[in-house]
file run.cif (mmCIF, C-alpha atoms)
data_run
#
loop_
_atom_site.label_atom_id
_atom_site.label_comp_id
_atom_site.auth_asym_id
_atom_site.auth_seq_id
_atom_site.Cartn_x
_atom_site.Cartn_y
_atom_site.Cartn_z
CA ASP A 339 13.00 15.70 -12.23
CA VAL A 340 10.68 14.72 -9.42
CA LYS A 341 11.50 16.33 -6.15
CA VAL A 342 10.21 15.24 -2.76
CA THR A 343 11.56 17.43 0.00
CA GLN A 344 11.48 16.64 3.69
CA SER A 345 11.95 19.58 5.98
CA SER A 346 14.65 18.11 8.22
CA ARG A 347 17.35 15.46 7.78
CA TYR A 348 17.91 15.03 11.52
CA LEU A 349 15.72 15.83 14.50
CA VAL A 350 16.21 15.26 18.20
CA LYS A 351 13.15 15.57 20.42
CA ARG A 352 12.23 14.77 23.99
CA THR A 353 9.63 12.27 25.13
CA GLY A 354 6.18 13.87 25.20
CA GLU A 355 6.95 16.60 22.70
CA LYS A 356 4.69 17.20 19.71
CA VAL A 357 6.66 16.65 16.52
CA PHE A 358 5.85 17.80 12.98
CA LEU A 359 7.51 16.25 9.95
CA GLU A 360 6.83 18.08 6.72
CA CYS A 361 6.97 16.79 3.16
CA VAL A 362 6.53 18.72 -0.08
CA GLN A 363 6.44 17.37 -3.64
CA ASP A 364 6.62 19.39 -6.82
CA MET A 365 5.18 16.94 -9.37
CA ASP A 366 1.46 17.44 -8.78
CA HIS A 367 1.17 13.85 -7.52
CA GLU A 368 -2.19 12.82 -6.13
CA ASN A 369 -0.78 10.23 -3.70
CA MET A 370 1.48 10.90 -0.74
CA PHE A 371 2.78 8.42 1.81
CA TRP A 372 4.59 8.34 5.14
CA TYR A 373 6.75 5.35 6.05
CA ARG A 374 9.14 4.52 8.82
CA GLN A 375 12.16 2.32 8.25
CA ASP A 376 13.81 0.30 10.97
CA PRO A 377 16.62 -2.28 10.73
CA GLY A 378 15.28 -5.75 10.02
CA LEU A 379 11.71 -4.47 9.61
CA GLY A 380 11.99 -2.65 6.32
CA LEU A 381 9.64 0.09 5.22
CA ARG A 382 6.31 0.18 7.03
CA LEU A 383 3.44 2.38 5.92
CA ILE A 384 2.11 4.76 8.57
CA TYR A 385 -0.47 6.82 6.67
CA PHE A 386 -1.23 7.75 3.10
CA SER A 387 -3.37 10.23 1.25
CA TYR A 388 -5.01 10.02 -2.17
CA ASP A 389 -6.19 13.60 -2.27
CA VAL A 390 -6.34 16.87 -0.38
CA LYS A 391 -7.93 16.49 3.05
CA MET A 392 -8.12 12.75 2.53
CA LYS A 393 -6.14 10.30 4.66
CA GLU A 394 -6.09 6.57 5.25
CA LYS A 395 -4.36 4.50 7.89
CA GLY A 396 -1.49 2.33 6.85
CA ASP A 397 -0.11 -0.64 8.74
CA ILE A 398 1.19 1.16 11.83
CA PRO A 399 -0.83 4.38 12.42
CA GLU A 400 -0.87 4.23 16.23
CA GLY A 401 0.74 7.28 17.79
CA TYR A 402 0.68 9.25 14.54
CA SER A 403 -1.66 11.58 12.69
CA VAL A 404 -1.38 13.36 9.35
CA SER A 405 -2.58 16.48 7.62
CA ARG A 406 -2.99 17.22 3.91
CA GLU A 407 -4.37 20.73 3.45
CA LYS A 408 -2.68 21.29 0.08
CA LYS A 409 -1.97 18.84 -2.71
CA GLU A 410 1.78 19.30 -2.55
CA ARG A 411 2.20 19.02 1.21
CA PHE A 412 1.73 16.09 3.56
CA SER A 413 2.56 16.42 7.25
CA LEU A 414 3.17 13.67 9.79
CA ILE A 415 2.44 14.53 13.40
CA LEU A 416 3.61 12.72 16.49
CA GLU A 417 1.19 14.00 19.13
CA SER A 418 3.36 12.91 22.07
CA ALA A 419 6.69 11.51 20.97
CA SER A 420 7.91 8.31 22.60
CA THR A 421 11.29 6.58 22.47
CA ASN A 422 9.88 3.76 20.34
CA GLN A 423 9.21 6.33 17.61
CA THR A 424 12.94 6.84 17.12
CA SER A 425 13.35 5.87 13.48
CA MET A 426 14.03 6.97 9.92
CA TYR A 427 10.90 8.57 8.43
CA LEU A 428 10.46 8.59 4.67
CA CYS A 429 7.90 10.50 2.66
CA ALA A 430 6.94 9.40 -0.85
CA SER A 431 4.60 10.54 -3.59
CA SER A 432 3.14 9.07 -6.79
CA PHE A 433 0.53 9.58 -9.44
CA LYS A 434 -2.64 7.51 -9.12
CA GLY A 435 -2.54 4.15 -10.88
CA ALA A 436 -1.34 0.65 -10.30
CA ARG A 437 2.02 0.87 -12.02
CA ASN A 438 2.90 4.30 -10.76
CA ILE A 439 6.24 4.66 -9.17
CA GLN A 440 6.73 6.13 -5.74
CA TYR A 441 9.41 8.79 -5.37
CA PHE A 442 10.99 9.26 -1.98
CA GLY A 443 12.34 12.16 -0.03
CA ALA A 444 15.78 11.93 1.56
CA GLY A 445 14.34 10.96 4.93
CA THR A 446 14.27 12.40 8.43
CA ARG A 447 16.19 10.59 11.11
CA LEU A 448 14.25 11.25 14.33
CA SER A 449 15.68 10.52 17.75
CA VAL A 450 13.35 10.72 20.74
CA LEU A 451 15.21 10.94 24.04
CA ARG B 52 4.17 -14.94 7.16
CA LYS B 53 5.55 -11.75 5.64
CA GLU B 54 3.82 -10.52 2.49
CA VAL B 55 7.13 -10.04 0.70
CA GLU B 56 10.16 -12.07 1.72
CA GLN B 57 13.78 -11.62 0.77
CA ASP B 58 17.06 -13.12 1.88
CA PRO B 59 18.71 -10.27 3.81
CA GLY B 60 22.23 -11.31 2.71
CA PRO B 61 24.78 -9.86 2.63
CA PHE B 62 25.86 -11.20 -0.72
CA ASN B 63 29.59 -10.53 -1.03
CA VAL B 64 30.76 -10.87 -4.63
CA PRO B 65 33.88 -9.82 -6.58
CA GLU B 66 33.73 -7.28 -9.35
CA GLY B 67 32.64 -8.86 -12.60
CA ALA B 68 30.59 -11.59 -10.95
CA THR B 69 26.99 -12.42 -11.74
CA VAL B 70 24.64 -12.40 -8.78
CA ALA B 71 20.95 -13.18 -8.45
CA PHE B 72 18.39 -12.32 -5.80
CA ASN B 73 15.00 -13.89 -5.33
CA CYS B 74 11.92 -12.58 -3.62
CA THR B 75 8.65 -14.34 -2.83
CA TYR B 76 5.26 -12.76 -2.30
CA SER B 77 2.31 -14.32 -0.54
CA ASN B 78 -0.72 -12.60 -2.05
CA SER B 79 -1.81 -13.92 -5.43
CA ALA B 80 -3.74 -10.67 -5.98
CA SER B 81 -0.44 -8.84 -6.42
CA GLN B 82 -0.37 -7.19 -9.80
CA SER B 83 2.66 -4.94 -10.16
CA PHE B 84 6.24 -5.64 -9.20
CA PHE B 85 9.34 -3.54 -8.85
CA TRP B 86 12.92 -3.59 -7.71
CA TYR B 87 14.10 -0.54 -5.79
CA ARG B 88 17.68 0.19 -4.83
CA GLN B 89 18.66 1.85 -1.56
CA ASP B 90 22.19 3.08 -0.94
CA CYS B 91 23.46 3.34 2.60
CA ARG B 92 21.71 6.20 4.45
CA LYS B 93 19.84 7.24 1.31
CA GLU B 94 16.26 6.97 0.14
CA PRO B 95 14.97 4.07 -2.01
CA LYS B 96 14.95 4.69 -5.74
CA LEU B 97 13.28 2.72 -8.48
CA LEU B 98 15.70 0.38 -10.22
CA MET B 99 13.25 -1.27 -12.59
CA SER B 100 9.71 -2.49 -12.99
CA VAL B 101 9.19 -6.21 -13.47
CA TYR B 102 7.03 -7.34 -16.36
CA SER B 103 5.36 -10.71 -16.88
CA SER B 104 7.55 -11.59 -19.83
CA GLY B 105 10.73 -10.56 -18.02
CA ASN B 106 12.73 -7.48 -18.86
CA GLU B 107 16.27 -6.30 -19.12
CA ASP B 108 17.93 -2.97 -18.50
CA GLY B 109 21.60 -3.09 -19.32
CA ARG B 110 23.28 -5.45 -16.87
CA PHE B 111 20.07 -5.99 -14.92
CA THR B 112 17.44 -8.62 -15.72
CA ALA B 113 14.18 -9.04 -13.84
CA GLN B 114 11.91 -12.07 -14.02
CA LEU B 115 8.46 -12.77 -12.67
CA ASN B 116 7.00 -16.20 -12.00
CA ARG B 117 3.34 -15.77 -11.12
CA ALA B 118 2.67 -19.47 -10.67
CA SER B 119 5.34 -19.77 -7.98
CA GLN B 120 4.89 -16.20 -6.77
CA TYR B 121 8.47 -15.10 -6.97
CA ILE B 122 10.47 -12.34 -8.58
CA SER B 123 14.15 -12.38 -9.37
CA LEU B 124 16.84 -9.85 -10.15
CA LEU B 125 20.02 -10.83 -11.97
CA ILE B 126 23.02 -8.51 -12.08
CA ARG B 127 25.75 -9.33 -14.58
CA ASP B 128 29.31 -8.00 -14.53
CA SER B 129 28.93 -6.52 -11.04
CA LYS B 130 30.48 -3.11 -10.38
CA LEU B 131 31.62 -1.64 -7.08
CA SER B 132 28.86 0.93 -7.51
CA ASP B 133 26.23 -1.84 -7.44
CA SER B 134 26.85 -2.21 -3.69
CA ALA B 135 23.50 -1.35 -2.12
CA THR B 136 20.37 -2.89 -0.65
CA TYR B 137 17.86 -4.16 -3.20
CA LEU B 138 14.21 -3.97 -2.20
CA CYS B 139 11.57 -6.18 -3.74
CA VAL B 140 8.29 -4.28 -4.00
CA VAL B 141 4.77 -5.46 -4.76
CA ASN B 142 1.54 -3.63 -5.52
CA MET B 143 -1.87 -5.19 -4.94
CA ARG B 144 -4.81 -4.90 -7.27
CA ASN B 145 -7.10 -1.89 -6.68
CA THR B 146 -4.68 0.01 -4.49
CA ASP B 147 -1.82 2.44 -4.97
CA LYS B 148 -0.04 1.16 -1.87
CA LEU B 149 3.27 -0.64 -2.23
CA ILE B 150 4.51 -3.44 -0.01
CA PHE B 151 8.25 -3.52 0.49
CA GLY B 152 10.47 -6.45 1.30
CA THR B 153 13.15 -5.86 3.93
CA GLY B 154 15.84 -5.88 1.26
CA THR B 155 18.86 -7.90 0.19
CA ARG B 156 22.23 -6.34 0.79
CA LEU B 157 24.86 -6.63 -1.93
CA GLN B 158 28.53 -5.84 -1.37
CA VAL B 159 30.80 -5.92 -4.42
CA PHE B 160 34.50 -6.04 -3.61
CA PRO B 161 37.54 -5.29 -5.83
#

call {"tool": "encode", "arguments": {"input": "run.cif", "output": "structure tokens"}}
result
Amino acid sequence: DVKVTQSSRYLVKRTGEKVFLECVQDMDHENMFWYRQDPGLGLRLIYFSYDVKMKEKGDIPEGYSVSREKKERFSLILESASTNQTSMYLCASSFKGARNIQYFGAGTRLSVL
Amino acid sequence: RKEVEQDPGPFNVPEGATVAFNCTYSNSASQSFFWYRQDCRKEPKLLMSVYSSGNEDGRFTAQLNRASQYISLLIRDSKLSDSATYLCVVNMRNTDKLIFGTGTRLQVFP
């Protein structure tokens, strides 16, 4: 069974704090993705990675950065959290290939106060 | 225009009913199609892939119409446990990225 684990289910941070969201997958997937999900807007891609140390911007990368030092781990970093980054963050992973399914972690609900 | 559009619903149907959702996509370069299911406060999970010839998985039937650029999902004999949000998902050629619709909410009542 594929497992994608996100380090926290709920986080509360203050404006201006640096925030790290961690994601680990155990299926040796090449691809890893970070999304945020907001009501009425659906899932929006923030960043993705096709390989170790490789990253590409998604649709809404502003205010975020990522790190992929090991194949199984993909971190999302909010350099200076702002209230408009309050959201549900979802990590996903997949094998390379057009028809390959993405598997999601349980999500981290981040509140920035 | 959104790349993947769905009616947000909610669709409220009684147990045993048949319900259908449609989804349209704007980019003709789309090559792979999926339906994901998301339960309340949970992560999305793959329900089924959608193949050109249409495909069935138990009570669920998915269809693809490339000419009109839409995908459909039919659920027969609805169960209470089918209550969820159904996400239409599209993959473009030459990329592993997926594009998600905002979802259609289904509520099955007794």

call {"tool": "resolve_selection", "arguments": {"input": "run.cif", "expression": "the PyMOL selection byres ((chain B) within 12 of (chain A))", "output": "VMD selection string"}}
result
chain B and resid 53 to 60 81 to 102 136 to 156

call {"tool": "residues_near_point", "arguments": {"input": "run.cif", "point": "(3.0, 10.1, 4.9)", "cutoff": "10 Å", "atoms": "only C-alpha atoms", "output": "short mmCIF file (atom, residue, chain, number, x, y, z; two decimals) with C-alpha atoms, in the coordinates of the input"}}
result
data_model
loop_
_atom_site.label_atom_id
_atom_site.label_comp_id
_atom_site.auth_asym_id
_atom_site.auth_seq_id
_atom_site.Cartn_x
_atom_site.Cartn_y
_atom_site.Cartn_z
CA LEU A 359 7.51 16.25 9.95
CA GLU A 360 6.83 18.08 6.72
CA CYS A 361 6.97 16.79 3.16
CA ASN A 369 -0.78 10.23 -3.70
CA MET A 370 1.48 10.90 -0.74
CA PHE A 371 2.78 8.42 1.81
CA TRP A 372 4.59 8.34 5.14
CA TYR A 373 6.75 5.35 6.05
CA ARG A 374 9.14 4.52 8.82
CA LEU A 383 3.44 2.38 5.92
CA ILE A 384 2.11 4.76 8.57
CA TYR A 385 -0.47 6.82 6.67
CA PHE A 386 -1.23 7.75 3.10
CA SER A 387 -3.37 10.23 1.25
CA LYS A 393 -6.14 10.30 4.66
CA GLU A 394 -6.09 6.57 5.25
CA LYS A 395 -4.36 4.50 7.89
CA GLY A 396 -1.49 2.33 6.85
CA TYR A 402 0.68 9.25 14.54
CA SER A 403 -1.66 11.58 12.69
CA VAL A 404 -1.38 13.36 9.35
CA SER A 405 -2.58 16.48 7.62
CA ARG A 406 -2.99 17.22 3.91
CA ARG A 411 2.20 19.02 1.21
CA PHE A 412 1.73 16.09 3.56
CA SER A 413 2.56 16.42 7.25
CA LEU A 414 3.17 13.67 9.79
CA ILE A 415 2.44 14.53 13.40
CA TYR A 427 10.90 8.57 8.43
CA LEU A 428 10.46 8.59 4.67
CA CYS A 429 7.90 10.50 2.66
CA ALA A 430 6.94 9.40 -0.85
CA SER A 431 4.60 10.54 -3.59
#

call {"tool": "resolve_selection", "arguments": {"input": "run.cif", "expression": "the PyMOL selection byres ((chain A and resi 422) around 10)", "output": "PyMOL selection string"}}
result
chain A and resi 353+419-421+423-425+449-451

call {"tool": "residues_around", "arguments": {"input": "run.cif", "residues": "Asn73 (chain B)", "least_positions_apart": "3", "cutoff": "7 Å", "atoms": "all atoms listed in the file", "output": "list in words"}}
result
Gln57, Tyr121, Ile122, Ser123 and Leu124 of chain B

call {"tool": "axis_aligned_box", "arguments": {"input": "run.cif", "around": "region 339-342 of chain A", "padding_each_side": "6 Å", "output": "lines of an AutoDock Vina configuration file"}}
result
center_x = 11.6
center_y = 15.5
center_z = -7.5
size_x = 14.8
size_y = 13.6
size_z = 21.5

call {"tool": "resolve_selection", "arguments": {"input": "run.cif", "expression": "the PyMOL selection byres ((chain A and resi 401) around 7)", "output": "MDAnalysis selection string"}}
result
chainID A and resid 399:400 402 416:417

call {"tool": "atom_distance", "arguments": {"input": "run.cif", "atom1": "CA of Arg110 (chain B)", "atom2": "CA of Thr69 (chain B)"}}
result
9.4 Å

call {"tool": "build_atoms", "arguments": {"input": "run.cif", "residues": "region 413-424 of chain A", "atoms": "all heavy atoms", "output": "PDB file, in the coordinates of the input"}}
result
ATOM      1  N   SER A 413       1.868  16.315   5.969  1.00  0.00           N
ATOM      2  CA  SER A 413       2.560  16.420   7.250  1.00  0.00           C
ATOM      3  C   SER A 413       2.285  15.211   8.118  1.00  0.00           C
ATOM      4  O   SER A 413       1.153  14.726   8.170  1.00  0.00           O
ATOM      5  CB  SER A 413       2.102  17.683   7.985  1.00  0.00           C
ATOM      6  OG  SER A 413       2.304  18.820   7.186  1.00  0.00           O
ATOM      7  N   LEU A 414       3.304  14.759   8.802  1.00  0.00           N
ATOM      8  CA  LEU A 414       3.170  13.670   9.790  1.00  0.00           C
ATOM      9  C   LEU A 414       3.342  14.282  11.161  1.00  0.00           C
ATOM     10  O   LEU A 414       4.280  15.056  11.393  1.00  0.00           O
ATOM     11  CB  LEU A 414       4.239  12.605   9.547  1.00  0.00           C
ATOM     12  CG  LEU A 414       4.230  11.412  10.491  1.00  0.00           C
ATOM     13  CD1 LEU A 414       3.003  10.537  10.247  1.00  0.00           C
ATOM     14  CD2 LEU A 414       5.501  10.580  10.336  1.00  0.00           C
ATOM     15  N   ILE A 415       2.419  13.946  12.064  1.00  0.00           N
ATOM     16  CA  ILE A 415       2.440  14.530  13.400  1.00  0.00           C
ATOM     17  C   ILE A 415       2.547  13.419  14.440  1.00  0.00           C
ATOM     18  O   ILE A 415       1.793  12.439  14.394  1.00  0.00           O
ATOM     19  CB  ILE A 415       1.136  15.337  13.644  1.00  0.00           C
ATOM     20  CG1 ILE A 415       1.004  16.419  12.559  1.00  0.00           C
ATOM     21  CG2 ILE A 415       1.143  15.969  15.031  1.00  0.00           C
ATOM     22  CD1 ILE A 415      -0.412  16.745  12.203  1.00  0.00           C
ATOM     23  N   LEU A 416       3.506  13.586  15.327  1.00  0.00           N
ATOM     24  CA  LEU A 416       3.610  12.720  16.490  1.00  0.00           C
ATOM     25  C   LEU A 416       3.062  13.527  17.651  1.00  0.00           C
ATOM     26  O   LEU A 416       3.682  14.502  18.086  1.00  0.00           O
ATOM     27  CB  LEU A 416       5.066  12.322  16.756  1.00  0.00           C
ATOM     28  CG  LEU A 416       5.722  11.315  15.813  1.00  0.00           C
ATOM     29  CD1 LEU A 416       5.883  11.843  14.396  1.00  0.00           C
ATOM     30  CD2 LEU A 416       7.049  10.862  16.370  1.00  0.00           C
ATOM     31  N   GLU A 417       1.875  13.174  18.126  1.00  0.00           N
ATOM     32  CA  GLU A 417       1.190  14.000  19.130  1.00  0.00           C
ATOM     33  C   GLU A 417       1.974  14.076  20.442  1.00  0.00           C
ATOM     34  O   GLU A 417       2.037  15.115  21.078  1.00  0.00           O
ATOM     35  CB  GLU A 417      -0.204  13.435  19.403  1.00  0.00           C
ATOM     36  CG  GLU A 417      -1.148  13.512  18.207  1.00  0.00           C
ATOM     37  CD  GLU A 417      -1.595  14.937  17.886  1.00  0.00           C
ATOM     38  OE1 GLU A 417      -1.462  15.820  18.773  1.00  0.00           O
ATOM     39  OE2 GLU A 417      -2.040  15.184  16.752  1.00  0.00           O
ATOM     40  N   SER A 418       2.576  12.963  20.834  1.00  0.00           N
ATOM     41  CA  SER A 418       3.360  12.910  22.070  1.00  0.00           C
ATOM     42  C   SER A 418       4.473  11.895  21.826  1.00  0.00           C
ATOM     43  O   SER A 418       4.261  10.689  21.990  1.00  0.00           O
ATOM     44  CB  SER A 418       2.470  12.511  23.238  1.00  0.00           C
ATOM     45  OG  SER A 418       3.238  12.389  24.416  1.00  0.00           O
ATOM     46  N   ALA A 419       5.616  12.406  21.413  1.00  0.00           N
ATOM     47  CA  ALA A 419       6.690  11.510  20.970  1.00  0.00           C
ATOM     48  C   ALA A 419       7.115  10.542  22.077  1.00  0.00           C
ATOM     49  O   ALA A 419       7.189  10.908  23.261  1.00  0.00           O
ATOM     50  CB  ALA A 419       7.880  12.327  20.502  1.00  0.00           C
ATOM     51  N   SER A 420       7.394   9.315  21.655  1.00  0.00           N
ATOM     52  CA  SER A 420       7.910   8.310  22.600  1.00  0.00           C
ATOM     53  C   SER A 420       9.196   7.715  22.034  1.00  0.00           C
ATOM     54  O   SER A 420       9.470   7.811  20.832  1.00  0.00           O
ATOM     55  CB  SER A 420       6.866   7.212  22.819  1.00  0.00           C
ATOM     56  OG  SER A 420       6.620   6.534  21.609  1.00  0.00           O
ATOM     57  N   THR A 421       9.974   7.100  22.894  1.00  0.00           N
ATOM     58  CA  THR A 421      11.290   6.580  22.470  1.00  0.00           C
ATOM     59  C   THR A 421      11.146   5.525  21.380  1.00  0.00           C
ATOM     60  O   THR A 421      12.031   5.392  20.528  1.00  0.00           O
ATOM     61  CB  THR A 421      12.069   6.010  23.663  1.00  0.00           C
ATOM     62  OG1 THR A 421      11.252   5.039  24.338  1.00  0.00           O
ATOM     63  CG2 THR A 421      12.439   7.111  24.656  1.00  0.00           C
ATOM     64  N   ASN A 422      10.033   4.786  21.375  1.00  0.00           N
ATOM     65  CA  ASN A 422       9.880   3.760  20.340  1.00  0.00           C
ATOM     66  C   ASN A 422       9.507   4.354  18.971  1.00  0.00           C
ATOM     67  O   ASN A 422       9.329   3.622  17.990  1.00  0.00           O
ATOM     68  CB  ASN A 422       8.892   2.665  20.751  1.00  0.00           C
ATOM     69  CG  ASN A 422       7.488   3.181  20.947  1.00  0.00           C
ATOM     70  OD1 ASN A 422       7.166   4.311  20.591  1.00  0.00           O
ATOM     71  ND2 ASN A 422       6.624   2.360  21.527  1.00  0.00           N
ATOM     72  N   GLN A 423       9.415   5.666  18.897  1.00  0.00           N
ATOM     73  CA  GLN A 423       9.210   6.330  17.610  1.00  0.00           C
ATOM     74  C   GLN A 423      10.529   6.856  17.024  1.00  0.00           C
ATOM     75  O   GLN A 423      10.533   7.506  15.973  1.00  0.00           O
ATOM     76  CB  GLN A 423       8.185   7.455  17.739  1.00  0.00           C
ATOM     77  CG  GLN A 423       6.774   6.924  18.023  1.00  0.00           C
ATOM     78  CD  GLN A 423       5.746   8.014  18.214  1.00  0.00           C
ATOM     79  OE1 GLN A 423       5.957   8.956  18.992  1.00  0.00           O
ATOM     80  NE2 GLN A 423       4.630   7.905  17.518  1.00  0.00           N
ATOM     81  N   THR A 424      11.619   6.556  17.692  1.00  0.00           N
ATOM     82  CA  THR A 424      12.940   6.840  17.120  1.00  0.00           C
ATOM     83  C   THR A 424      13.099   5.968  15.879  1.00  0.00           C
ATOM     84  O   THR A 424      12.998   4.745  15.954  1.00  0.00           O
ATOM     85  CB  THR A 424      14.049   6.516  18.142  1.00  0.00           C
ATOM     86  OG1 THR A 424      13.978   7.467  19.203  1.00  0.00           O
ATOM     87  CG2 THR A 424      15.428   6.577  17.493  1.00  0.00           C
TER      88      THR A 424
END
